[in-house]
file model.cif (mmCIF, C-alpha atoms and all ligand atoms)
data_protein
#
loop_
_atom_site.group_PDB
_atom_site.id
_atom_site.type_symbol
_atom_site.label_atom_id
_atom_site.label_comp_id
_atom_site.auth_asym_id
_atom_site.auth_seq_id
_atom_site.Cartn_x
_atom_site.Cartn_y
_atom_site.Cartn_z
ATOM 1 C CA MET G 187 -20.369 143.054 82.101
ATOM 2 C CA LEU G 188 -19.375 139.511 83.019
ATOM 3 C CA GLY G 189 -15.660 140.036 82.966
ATOM 4 C CA GLU G 190 -12.930 141.271 80.705
ATOM 5 C CA GLY G 191 -12.392 139.476 77.455
ATOM 6 C CA SER G 192 -13.795 139.025 73.994
ATOM 7 C CA TYR G 193 -16.516 136.435 74.621
ATOM 8 C CA GLN G 194 -20.005 137.083 75.966
ATOM 9 C CA ALA G 195 -22.417 134.302 75.036
ATOM 10 C CA ASN G 196 -25.453 136.584 75.096
ATOM 11 C CA THR G 197 -24.036 139.014 72.519
ATOM 12 C CA TYR G 198 -21.652 136.839 70.464
ATOM 13 C CA ASN G 199 -24.414 135.468 68.247
ATOM 14 C CA LEU G 200 -27.773 136.820 67.071
ATOM 15 C CA GLU G 201 -29.531 134.613 69.626
ATOM 16 C CA PHE G 202 -28.369 133.037 72.886
ATOM 17 C CA GLU G 203 -29.876 129.621 72.016
ATOM 18 C CA GLY G 204 -28.189 129.710 68.598
ATOM 19 C CA GLU G 205 -24.873 130.280 70.355
ATOM 20 C CA ILE G 206 -25.478 127.305 72.656
ATOM 21 C CA GLN G 207 -26.100 125.077 69.624
ATOM 22 C CA ARG G 208 -22.965 126.407 67.889
ATOM 23 C CA LEU G 209 -20.889 125.523 70.973
ATOM 24 C CA LYS G 210 -22.414 122.033 71.021
ATOM 25 C CA ALA G 211 -21.555 121.445 67.345
ATOM 26 C CA GLN G 212 -17.963 122.573 68.022
ATOM 27 C CA VAL G 213 -17.621 119.921 70.737
ATOM 28 C CA LEU G 214 -19.119 117.112 68.655
ATOM 29 C CA LEU G 215 -16.974 117.943 65.624
ATOM 30 C CA SER G 216 -13.684 116.713 67.040
ATOM 31 C CA TRP G 217 -14.300 115.137 70.449
ATOM 32 C CA GLU G 218 -12.825 111.689 69.592
ATOM 33 C CA LYS G 219 -9.551 113.125 68.380
ATOM 34 C CA GLU G 220 -9.323 115.609 71.244
ATOM 35 C CA ALA G 221 -9.946 112.766 73.723
ATOM 36 C CA ARG G 222 -7.245 110.684 72.051
ATOM 37 C CA ASN G 223 -4.743 113.543 72.416
ATOM 38 C CA LEU G 224 -5.790 114.304 75.991
ATOM 39 C CA LYS G 225 -5.111 110.670 76.934
ATOM 40 C CA TRP G 226 -1.819 110.763 75.088
ATOM 41 C CA PHE G 227 -0.866 113.911 77.023
ATOM 42 C CA GLY G 228 -1.556 111.949 80.241
ATOM 43 C CA LEU G 229 -5.228 112.443 81.153
ATOM 44 C CA ASP G 230 -6.379 109.350 83.020
ATOM 45 C CA ASP G 231 -9.495 108.072 84.764
ATOM 46 C CA GLY G 232 -9.580 108.843 88.490
ATOM 47 C CA MET G 233 -7.715 112.136 88.108
ATOM 48 C CA ASN G 234 -8.991 115.305 89.721
ATOM 49 C CA VAL G 235 -9.694 117.453 86.647
ATOM 50 C CA LEU G 236 -10.154 121.199 86.199
ATOM 51 C CA GLU G 237 -12.097 122.463 83.193
ATOM 52 C CA ALA G 238 -11.694 126.218 82.731
ATOM 53 C CA GLY G 239 -14.283 128.162 80.728
ATOM 54 C CA SER G 240 -16.623 125.173 80.759
ATOM 55 C CA GLY G 241 -19.627 127.000 79.262
ATOM 56 C CA PRO G 242 -22.927 125.128 78.871
ATOM 57 C CA GLY G 243 -21.391 121.753 79.751
ATOM 58 C CA PHE G 244 -21.126 119.859 76.452
ATOM 59 C CA PHE G 245 -17.387 119.256 76.819
ATOM 60 C CA THR G 246 -17.863 118.499 80.526
ATOM 61 C CA GLU G 247 -20.367 115.805 79.520
ATOM 62 C CA LYS G 248 -17.752 114.183 77.286
ATOM 63 C CA LEU G 249 -15.155 114.310 80.078
ATOM 64 C CA LEU G 250 -17.610 112.646 82.472
ATOM 65 C CA GLU G 251 -18.108 109.798 79.987
ATOM 66 C CA LEU G 252 -14.385 109.427 79.306
ATOM 67 C CA LEU G 253 -13.433 109.509 83.003
ATOM 68 C CA PRO G 254 -16.121 107.636 84.976
ATOM 69 C CA ASN G 255 -14.099 107.738 88.212
ATOM 70 C CA SER G 256 -12.939 111.343 88.035
ATOM 71 C CA SER G 257 -14.383 114.465 89.531
ATOM 72 C CA ILE G 258 -14.435 117.604 87.419
ATOM 73 C CA THR G 259 -14.280 121.167 88.646
ATOM 74 C CA ALA G 260 -15.967 123.385 86.069
ATOM 75 C CA VAL G 261 -14.826 127.016 86.348
ATOM 76 C CA GLU G 262 -17.074 129.392 84.410
ATOM 77 C CA ILE G 263 -17.414 133.156 84.652
ATOM 78 C CA ASP G 264 -20.892 133.488 83.118
ATOM 79 C CA PRO G 265 -23.726 132.518 85.516
ATOM 80 C CA ALA G 266 -26.196 131.996 82.642
ATOM 81 C CA LEU G 267 -23.898 129.433 80.999
ATOM 82 C CA GLN G 268 -23.195 127.773 84.305
ATOM 83 C CA GLU G 269 -26.925 127.458 84.929
ATOM 84 C CA LYS G 270 -27.261 125.800 81.502
ATOM 85 C CA ALA G 271 -24.508 123.328 82.455
ATOM 86 C CA VAL G 272 -26.097 122.497 85.813
ATOM 87 C CA GLU G 273 -29.433 121.853 84.068
ATOM 88 C CA TYR G 274 -27.858 119.849 81.229
ATOM 89 C CA LEU G 275 -25.657 117.674 83.449
ATOM 90 C CA HIS G 276 -27.907 117.142 86.450
ATOM 91 C CA LEU G 277 -28.485 113.449 85.606
ATOM 92 C CA LYS G 278 -25.018 112.636 84.284
ATOM 93 C CA GLY G 279 -22.892 114.757 86.580
ATOM 94 C CA GLY G 280 -24.261 113.934 90.019
ATOM 95 C CA ASP G 281 -21.739 114.886 92.655
ATOM 96 C CA ARG G 282 -18.849 114.394 90.235
ATOM 97 C CA VAL G 283 -19.083 117.985 88.957
ATOM 98 C CA ASN G 284 -18.043 120.846 91.185
ATOM 99 C CA TYR G 285 -19.303 124.145 89.709
ATOM 100 C CA VAL G 286 -17.262 127.245 90.466
ATOM 101 C CA GLN G 287 -18.417 130.605 89.186
ATOM 102 C CA ALA G 288 -15.203 132.583 88.876
ATOM 103 C CA SER G 289 -12.672 133.917 86.439
ATOM 104 C CA VAL G 290 -9.899 131.558 85.450
ATOM 105 C CA ALA G 291 -7.530 134.385 86.374
ATOM 106 C CA ASP G 292 -8.643 134.236 90.009
ATOM 107 C CA THR G 293 -10.350 130.936 90.782
ATOM 108 C CA GLY G 294 -10.099 131.085 94.582
ATOM 109 C CA LEU G 295 -9.315 127.344 94.482
ATOM 110 C CA PRO G 296 -6.597 125.894 96.736
ATOM 111 C CA ALA G 297 -3.036 125.504 95.447
ATOM 112 C CA ASN G 298 -1.738 122.088 94.334
ATOM 113 C CA SER G 299 -5.194 120.484 93.956
ATOM 114 C CA PHE G 300 -5.592 119.229 90.377
ATOM 115 C CA ASP G 301 -3.914 116.477 88.356
ATOM 116 C CA PHE G 302 -4.967 117.814 84.970
ATOM 117 C CA ALA G 303 -6.482 121.035 83.602
ATOM 118 C CA ILE G 304 -8.176 121.729 80.271
ATOM 119 C CA ALA G 305 -9.083 125.119 78.813
ATOM 120 C CA ARG G 306 -10.937 124.810 75.526
ATOM 121 C CA LEU G 307 -11.653 127.829 73.310
ATOM 122 C CA LEU G 308 -11.059 130.090 76.304
ATOM 123 C CA PHE G 309 -7.555 131.527 76.016
ATOM 124 C CA VAL G 310 -8.392 133.095 72.629
ATOM 125 C CA HIS G 311 -10.738 135.420 74.520
ATOM 126 C CA LEU G 312 -8.551 136.368 77.495
ATOM 127 C CA PRO G 313 -6.854 139.782 77.775
ATOM 128 C CA GLU G 314 -4.138 138.313 80.024
ATOM 129 C CA PRO G 315 -3.588 134.708 78.958
ATOM 130 C CA VAL G 316 -0.270 134.324 80.807
ATOM 131 C CA ALA G 317 -1.863 135.436 84.091
ATOM 132 C CA ALA G 318 -4.630 132.855 83.564
ATOM 133 C CA ALA G 319 -2.080 130.127 82.822
ATOM 134 C CA ARG G 320 -0.177 131.134 86.005
ATOM 135 C CA GLU G 321 -3.343 130.757 88.067
ATOM 136 C CA ILE G 322 -3.879 127.271 86.632
ATOM 137 C CA PHE G 323 -0.199 126.498 87.331
ATOM 138 C CA ARG G 324 -0.798 127.488 90.962
ATOM 139 C CA ILE G 325 -3.756 125.159 91.471
ATOM 140 C CA LEU G 326 -2.205 122.177 89.652
ATOM 141 C CA LYS G 327 -0.330 119.574 91.684
ATOM 142 C CA PRO G 328 3.392 119.171 90.940
ATOM 143 C CA GLY G 329 3.502 116.949 87.846
ATOM 144 C CA GLY G 330 0.036 118.202 86.808
ATOM 145 C CA LYS G 331 -0.626 119.265 83.236
ATOM 146 C CA LEU G 332 -2.535 122.009 81.448
ATOM 147 C CA VAL G 333 -3.881 121.515 77.920
ATOM 148 C CA ILE G 334 -5.047 124.615 76.045
ATOM 149 C CA VAL G 335 -7.255 123.965 73.018
ATOM 150 C CA ASP G 336 -7.620 126.825 70.567
ATOM 151 C CA SER G 337 -7.244 127.579 66.895
ATOM 152 C CA ASP G 338 -5.568 130.338 64.920
ATOM 153 C CA ALA G 339 -7.348 132.736 62.572
ATOM 154 C CA ASP G 340 -5.192 131.699 59.627
ATOM 155 C CA LEU G 341 -6.016 128.026 60.139
ATOM 156 C CA PHE G 342 -9.766 128.146 60.679
ATOM 157 C CA TRP G 343 -11.285 126.477 57.613
ATOM 158 C CA LEU G 344 -10.289 125.195 54.226
ATOM 159 C CA THR G 345 -13.153 124.494 51.838
ATOM 160 C CA ASN G 346 -13.814 123.237 48.367
ATOM 161 C CA PRO G 347 -15.158 125.212 46.557
ATOM 162 C CA PRO G 348 -13.228 127.938 48.413
ATOM 163 C CA MET G 349 -15.096 130.542 50.434
ATOM 164 C CA SER G 350 -14.155 134.183 50.430
ATOM 165 C CA VAL G 351 -13.370 134.584 54.128
ATOM 166 C CA GLU G 352 -10.514 137.135 54.062
ATOM 167 C CA ILE G 353 -12.414 140.358 54.838
ATOM 168 C CA VAL G 354 -14.620 138.738 57.474
ATOM 169 C CA ARG G 355 -11.599 137.065 59.071
ATOM 170 C CA GLU G 356 -9.660 140.345 59.275
ATOM 171 C CA LYS G 357 -12.679 142.119 60.801
ATOM 172 C CA PHE G 358 -13.156 139.323 63.305
ATOM 173 C CA LYS G 359 -9.475 139.579 64.288
ATOM 174 C CA GLN G 360 -9.861 143.338 64.848
ATOM 175 C CA VAL G 361 -13.097 143.048 66.824
ATOM 176 C CA ILE G 362 -11.748 140.272 69.068
ATOM 177 C CA ALA G 363 -8.513 142.258 69.582
ATOM 178 C CA CYS G 364 -10.489 145.403 70.548
ATOM 179 C CA ARG G 365 -12.270 143.349 73.203
ATOM 180 C CA GLY G 366 -9.006 141.987 74.586
ATOM 181 C CA GLY G 367 -8.773 138.615 72.822
ATOM 182 C CA ASP G 368 -6.382 137.298 70.187
ATOM 183 C CA LEU G 369 -7.768 135.298 67.270
ATOM 184 C CA SER G 370 -4.211 134.404 66.227
ATOM 185 C CA ILE G 371 -3.435 132.861 69.611
ATOM 186 C CA GLY G 372 -2.683 129.406 68.177
ATOM 187 C CA ARG G 373 0.833 130.399 67.191
ATOM 188 C CA ASN G 374 1.517 131.776 70.720
ATOM 189 C CA LEU G 375 0.267 128.903 72.865
ATOM 190 C CA CYS G 376 3.671 127.364 73.579
ATOM 191 C CA ARG G 377 5.111 130.702 74.729
ATOM 192 C CA ILE G 378 2.101 131.407 76.948
ATOM 193 C CA LEU G 379 2.685 128.090 78.721
ATOM 194 C CA GLN G 380 6.425 128.727 78.997
ATOM 195 C CA GLU G 381 5.964 132.240 80.406
ATOM 196 C CA ALA G 382 3.532 130.895 83.001
ATOM 197 C CA GLY G 383 6.201 128.487 84.269
ATOM 198 C CA PHE G 384 5.216 125.260 82.511
ATOM 199 C CA GLY G 385 7.837 122.863 81.178
ATOM 200 C CA SER G 386 7.848 119.810 78.870
ATOM 201 C CA ILE G 387 5.767 121.790 76.338
ATOM 202 C CA ASN G 388 4.114 119.853 73.548
ATOM 203 C CA LEU G 389 1.796 120.806 70.675
ATOM 204 C CA GLU G 390 -0.576 118.704 68.589
ATOM 205 C CA ALA G 391 -3.141 119.488 65.902
ATOM 206 C CA VAL G 392 -6.628 118.058 65.554
ATOM 207 C CA VAL G 393 -7.891 117.955 61.987
ATOM 208 C CA SER G 394 -11.544 117.368 61.094
ATOM 209 C CA HIS G 395 -12.482 116.641 57.486
ATOM 210 C CA SER G 396 -15.950 116.313 55.979
ATOM 211 C CA ASP G 397 -14.825 113.395 53.793
ATOM 212 C CA ILE G 398 -14.360 111.451 57.041
ATOM 213 C CA ILE G 399 -17.045 112.731 59.436
ATOM 214 C CA GLY G 400 -19.612 114.020 56.914
ATOM 215 C CA ILE G 401 -20.397 117.564 55.812
ATOM 216 C CA GLU G 402 -23.415 117.773 58.173
ATOM 217 C CA ALA G 403 -21.077 117.974 61.183
ATOM 218 C CA PHE G 404 -19.760 121.297 59.869
ATOM 219 C CA GLN G 405 -23.138 122.806 59.016
ATOM 220 C CA PRO G 406 -23.753 124.532 62.394
ATOM 221 C CA LEU G 407 -20.304 126.149 62.190
ATOM 222 C CA LEU G 408 -21.347 127.916 58.997
ATOM 223 C CA ASP G 409 -24.117 129.665 60.919
ATOM 224 C CA SER G 410 -23.697 133.355 59.993
ATOM 225 C CA GLY G 411 -25.139 134.448 63.365
ATOM 226 C CA PRO G 412 -21.845 135.811 64.788
ATOM 227 C CA ILE G 413 -21.128 137.697 61.543
ATOM 228 C CA LEU G 414 -24.657 139.114 61.260
ATOM 229 C CA GLN G 415 -24.374 140.111 64.907
ATOM 230 C CA MET G 416 -21.275 142.163 64.049
ATOM 231 C CA VAL G 417 -23.299 143.839 61.273
ATOM 232 C CA LYS G 418 -26.074 144.570 63.769
ATOM 233 C CA GLN G 419 -23.523 146.103 66.146
ATOM 234 C CA GLY G 420 -22.143 148.290 63.331
ATOM 235 C CA LEU G 421 -18.718 146.600 63.428
ATOM 236 C CA ILE G 422 -18.746 145.409 59.814
ATOM 237 C CA SER G 423 -20.843 146.635 56.918
ATOM 238 C CA GLU G 424 -23.274 144.620 54.814
ATOM 239 C CA SER G 425 -21.166 145.316 51.731
ATOM 240 C CA GLU G 426 -18.063 143.939 53.487
ATOM 241 C CA ILE G 427 -19.731 140.596 54.205
ATOM 242 C CA GLU G 428 -21.390 140.317 50.792
ATOM 243 C CA SER G 429 -18.605 138.393 49.059
ATOM 244 C CA TYR G 430 -18.452 135.978 52.001
ATOM 245 C CA LEU G 431 -22.217 135.331 51.927
ATOM 246 C CA VAL G 432 -22.225 134.826 48.140
ATOM 247 C CA SER G 433 -19.339 132.346 48.315
ATOM 248 C CA ARG G 434 -20.930 130.596 51.302
ATOM 249 C CA ASP G 435 -24.213 130.129 49.410
ATOM 250 C CA LYS G 436 -22.272 128.800 46.423
ATOM 251 C CA PHE G 437 -20.425 126.413 48.742
ATOM 252 C CA LEU G 438 -23.677 125.204 50.347
ATOM 253 C CA ALA G 439 -25.256 124.611 46.928
ATOM 254 C CA GLU G 440 -22.336 122.482 45.714
ATOM 255 C CA GLY G 441 -23.198 118.775 45.923
ATOM 256 C CA ASP G 442 -19.564 117.674 46.061
ATOM 257 C CA ARG G 443 -18.363 120.198 48.665
ATOM 258 C CA SER G 444 -15.782 119.442 51.332
ATOM 259 C CA MET G 445 -14.449 121.226 54.387
ATOM 260 C CA MET G 446 -11.700 120.831 56.957
ATOM 261 C CA SER G 447 -10.934 122.583 60.230
ATOM 262 C CA PHE G 448 -8.035 122.638 62.676
ATOM 263 C CA TRP G 449 -7.704 122.926 66.450
ATOM 264 C CA LEU G 450 -4.384 123.131 68.242
ATOM 265 C CA MET G 451 -3.748 121.440 71.572
ATOM 266 C CA ALA G 452 -0.807 122.761 73.599
ATOM 267 C CA CYS G 453 0.271 120.911 76.733
ATOM 268 C CA GLY G 454 2.581 122.012 79.545
ATOM 269 C CA GLU G 455 3.607 120.325 82.763
ATOM 270 C CA LYS G 456 4.125 121.797 86.227
ATOM 271 C CA ASN G 457 7.421 120.007 86.612
ATOM 272 C CA LYS G 458 8.078 118.419 90.010
HETATM 273 C C1 LIG P 501 -16.144 129.859 73.367
HETATM 274 S S1 LIG P 501 -16.740 129.368 74.904
HETATM 275 C C2 LIG P 501 -16.117 127.708 75.030
HETATM 276 C C3 LIG P 501 -16.891 126.854 75.977
HETATM 277 C C4 LIG P 501 -16.369 125.422 76.155
HETATM 278 N N1 LIG P 501 -15.038 125.403 76.712
HETATM 279 C C5 LIG P 501 -16.369 124.690 74.847
HETATM 280 O O1 LIG P 501 -15.308 124.257 74.390
HETATM 281 O O2 LIG P 501 -17.446 124.518 74.292
HETATM 282 C C6 LIG P 501 -15.715 130.242 76.057
HETATM 283 C C7 LIG P 501 -16.156 130.055 77.500
HETATM 284 O O3 LIG P 501 -15.238 130.654 78.404
HETATM 285 C C8 LIG P 501 -15.959 131.420 79.362
HETATM 286 N N2 LIG P 501 -15.068 132.486 79.865
HETATM 287 C C9 LIG P 501 -14.699 133.618 79.236
HETATM 288 N N3 LIG P 501 -13.848 134.333 79.995
HETATM 289 C C10 LIG P 501 -13.662 133.611 81.137
HETATM 290 C C11 LIG P 501 -12.876 133.797 82.309
HETATM 291 N N4 LIG P 501 -12.104 134.876 82.469
HETATM 292 N N5 LIG P 501 -12.922 132.848 83.264
HETATM 293 C C12 LIG P 501 -13.700 131.741 83.129
HETATM 294 N N6 LIG P 501 -14.473 131.517 82.043
HETATM 295 C C13 LIG P 501 -14.446 132.439 81.050
HETATM 296 C C14 LIG P 501 -17.153 131.941 78.580
HETATM 297 O O4 LIG P 501 -18.178 132.428 79.394
HETATM 298 C C15 LIG P 501 -17.508 130.703 77.785
HETATM 299 O O5 LIG P 501 -18.273 129.808 78.530
#
call {"tool": "encode", "arguments": {"input": "model.cif", "output": "structure tokens", "more": "lines below"}}
Ligand SMILES: C[S@@+](CC[C@H](N)C(=O)[O-])C[C@H]1O[C@@H](n2cnc3c(N)ncnc32)[C@H](O)[C@@H]1O
result
Amino acid sequence: MLGEGSYQANTYNLEFEGEIQRLKAQVLLSWEKEARNLKWFGLDDGMNVLEAGSGPGFFTEKLLELLPNSSITAVEIDPALQEKAVEYLHLKGGDRVNYVQASVADTGLPANSFDFAIARLLFVHLPEPVAAAREIFRILKPGGKLVIVDSDADLFWLTNPPMSVEIVREKFKQVIACRGGDLSIGRNLCRILQEAGFGSINLEAVVSHSDIIGIEAFQPLLDSGPILQMVKQGLISESEIESYLVSRDKFLAEGDRSMMSFWLMACGEKNK
């Protein structure tokens, strides 16, 4: 047990390496737009940046490129993922990445130390998101900002031809909820920030569309590994995923298919 919450990289997908590749594809899908919003929210080169739930380091890599004069503290609870990040970033990161193996709810980092914090696809998995946001509030400097990037189950994907995702989506919601997460967190992000003490709350959406970035960028996200893993764990039956798999195959066979996805980016400030 690595910690409480609904994400464990070694059991989320059928294979650990498959999960690493899925995480990479999720970063590449929308990085430019996320970077644009982060800058608009106030992220600037030279800042002391906290990345919470940094995983195998693909997003950290992008931050290092965007902010050549910043140092990044990567807080990650899972030692196997942190090891991946250290290995992946050893040439690019140098002494600009400070790895901290800890829970975001109790980082052990000194108060008032960071200019900017980012938590991407982390809060969805946390049993106590407000407590985690409070801990980040504590370690941010006055005037510092936290950006939470997550989605919401009812926003995940829109496709043409449509895919039959309803049953799988409902099951996923239940399974994540049983493990302490909340797949519908997108709609609650502003309140989480408010309850943790943040002010000047803002919310933006990042939309990715295959007509703009190409359908190939979405391909790894259609990996059925996490769904088949739920079947393997007895959490959903083969008959319940059948309509999804049939519609997914039909979608993949369609030459003229298109797909769009949505992330939400909520920003709060530790007002001076
Ligand atoms: C879905 S992954 C996202 C990884 C990365 N942020 C990204 O966008 O690709 C969630 C990450 O949060 C980490 N995590 C989960 N609970 C955590 C906690 N309480 N404290 C710190 N990290 C946590 C997981 O181990 C995993 O690396």
call {"tool": "residues_near_ligand", "arguments": {"input": "model.cif", "ligand": "ligand LIG 501 (chain P)", "cutoff": "8 Å", "atoms": "only C-alpha atoms and all ligand atoms", "output": "PyMOL selection string"}}
result
chain G and resi 189-195+209-210+212-213+237-245+261-264+267-268+287-291+305-309+311-312+318
call {"tool": "atom_distance", "arguments": {"input": "model.cif", "atom1": "atom CA of Ile322 of chain G", "atom2": "atom CA of Gly232 of chain G"}}
result
19.4 Å
call {"tool": "resolve_selection", "arguments": {"input": "model.cif", "expression": "the PyMOL selection byres (((chain G and resi 250) around 12) and not hetatm)", "output": "ChimeraX atom specification"}}
result
/G:221,230-237,243-249,251-260,275-284
call {"tool": "atom_distance", "arguments": {"input": "model.cif", "atom1": "atom CA of Val335 of chain G", "atom2": "atom CA of Lys270 of chain G"}}
result
21.8 Å
call {"tool": "resolve_selection", "arguments": {"input": "model.cif", "expression": "the PyMOL selection byres (((chain G and resi 380) around 12) and not hetatm)", "output": "VMD selection string"}}
result
chain G and resid 315 to 317 319 to 320 323 332 374 to 379 381 to 388 452 to 457
call {"tool": "residues_around", "arguments": {"input": "model.cif", "residues": "Gly204 of chain G", "least_positions_apart": "6", "cutoff": "12 Å", "atoms": "only C-alpha atoms", "output": "tab-separated table (two decimals) with C-alpha atoms, keeping the file's coordinate frame"}}
result
chain	number	residue	atom	x	y	z
G	195	ALA	CA	-22.42	134.30	75.04
G	196	ASN	CA	-25.45	136.58	75.10
G	197	THR	CA	-24.04	139.01	72.52
G	198	TYR	CA	-21.65	136.84	70.46
G	210	LYS	CA	-22.41	122.03	71.02
G	211	ALA	CA	-21.56	121.44	67.34
G	406	PRO	CA	-23.75	124.53	62.39
G	407	LEU	CA	-20.30	126.15	62.19
G	408	LEU	CA	-21.35	127.92	59.00
G	409	ASP	CA	-24.12	129.66	60.92
G	410	SER	CA	-23.70	133.35	59.99
G	411	GLY	CA	-25.14	134.45	63.36
G	412	PRO	CA	-21.84	135.81	64.79
G	415	GLN	CA	-24.37	140.11	64.91
call {"tool": "atom_distance", "arguments": {"input": "model.cif", "atom1": "atom CA of Leu414 of chain G", "atom2": "atom CA of Leu450 of chain G"}}
result
26.7 Å
call {"tool": "closest_residue", "arguments": {"input": "model.cif", "among": "G:Ile362, G:Ala303, G:Leu215, G:Ile325", "to": "Ala339 of chain G", "atoms": "all atoms listed in the file"}}
result
G:Ile362
call {"tool": "residues_around", "arguments": {"input": "model.cif", "residues": "Leu326 of chain G", "least_positions_apart": "4", "cutoff": "8 Å", "atoms": "all atoms listed in the file", "output": "ChimeraX atom specification"}}
result
/G:297-303,322,330-331,456
call {"tool": "resolve_selection", "arguments": {"input": "model.cif", "expression": "the PyMOL selection byres (((chain G and resi 338) around 10) and not hetatm)", "output": "tab-separated table (two decimals) with C-alpha atoms, in the frame of the given file"}}
result
chain	number	residue	atom	x	y	z
G	310	VAL	CA	-8.39	133.10	72.63
G	336	ASP	CA	-7.62	126.82	70.57
G	337	SER	CA	-7.24	127.58	66.90
G	339	ALA	CA	-7.35	132.74	62.57
G	340	ASP	CA	-5.19	131.70	59.63
G	341	LEU	CA	-6.02	128.03	60.14
G	342	PHE	CA	-9.77	128.15	60.68
G	368	ASP	CA	-6.38	137.30	70.19
G	369	LEU	CA	-7.77	135.30	67.27
G	370	SER	CA	-4.21	134.40	66.23
G	371	ILE	CA	-3.44	132.86	69.61
G	372	GLY	CA	-2.68	129.41	68.18
G	373	ARG	CA	0.83	130.40	67.19
G	374	ASN	CA	1.52	131.78	70.72
G	375	LEU	CA	0.27	128.90	72.86
G	448	PHE	CA	-8.04	122.64	62.68
G	449	TRP	CA	-7.70	122.93	66.45
G	450	LEU	CA	-4.38	123.13	68.24
call {"tool": "decode", "arguments": {"input": "model.cif", "residues": "segment 276-281 of chain G", "atoms": "all heavy atoms", "output": "compact mmCIF listing (two decimals), in the first residue's frame"}}
result
# COMPACT_ATOMS: atom_id res chain seq x y z
N HIS G 276 17.57 12.41 -15.75
CA HIS G 276 18.91 12.62 -15.18
C HIS G 276 19.77 13.54 -16.04
O HIS G 276 20.59 14.29 -15.53
CB HIS G 276 19.62 11.30 -14.85
CG HIS G 276 20.29 10.63 -16.00
ND1 HIS G 276 19.60 9.90 -16.94
CD2 HIS G 276 21.60 10.61 -16.38
CE1 HIS G 276 20.47 9.44 -17.83
NE2 HIS G 276 21.66 9.85 -17.52
N LEU G 277 19.56 13.56 -17.37
CA LEU G 277 20.33 14.47 -18.22
C LEU G 277 19.73 15.87 -18.22
O LEU G 277 20.44 16.87 -18.11
CB LEU G 277 20.40 13.93 -19.65
CG LEU G 277 21.26 12.69 -19.85
CD1 LEU G 277 21.22 12.23 -21.31
CD2 LEU G 277 22.72 12.94 -19.42
N LYS G 278 18.40 15.92 -18.34
CA LYS G 278 17.73 17.23 -18.45
C LYS G 278 17.61 17.97 -17.13
O LYS G 278 17.66 19.18 -17.07
CB LYS G 278 16.31 17.02 -18.99
CG LYS G 278 16.28 16.87 -20.47
CD LYS G 278 14.88 17.05 -21.00
CE LYS G 278 14.95 17.04 -22.52
NZ LYS G 278 13.69 16.87 -23.15
N GLY G 279 17.39 17.20 -16.05
CA GLY G 279 17.04 17.84 -14.78
C GLY G 279 18.23 18.42 -14.06
O GLY G 279 18.18 19.53 -13.54
N GLY G 280 19.34 17.68 -14.05
CA GLY G 280 20.52 18.11 -13.29
C GLY G 280 20.13 18.42 -11.86
O GLY G 280 19.31 17.72 -11.26
N ASP G 281 20.68 19.52 -11.34
CA ASP G 281 20.34 19.85 -9.95
C ASP G 281 19.12 20.78 -9.88
O ASP G 281 18.84 21.36 -8.85
CB ASP G 281 21.55 20.44 -9.23
CG ASP G 281 22.06 21.68 -9.94
OD1 ASP G 281 21.42 22.12 -10.93
OD2 ASP G 281 23.09 22.23 -9.51
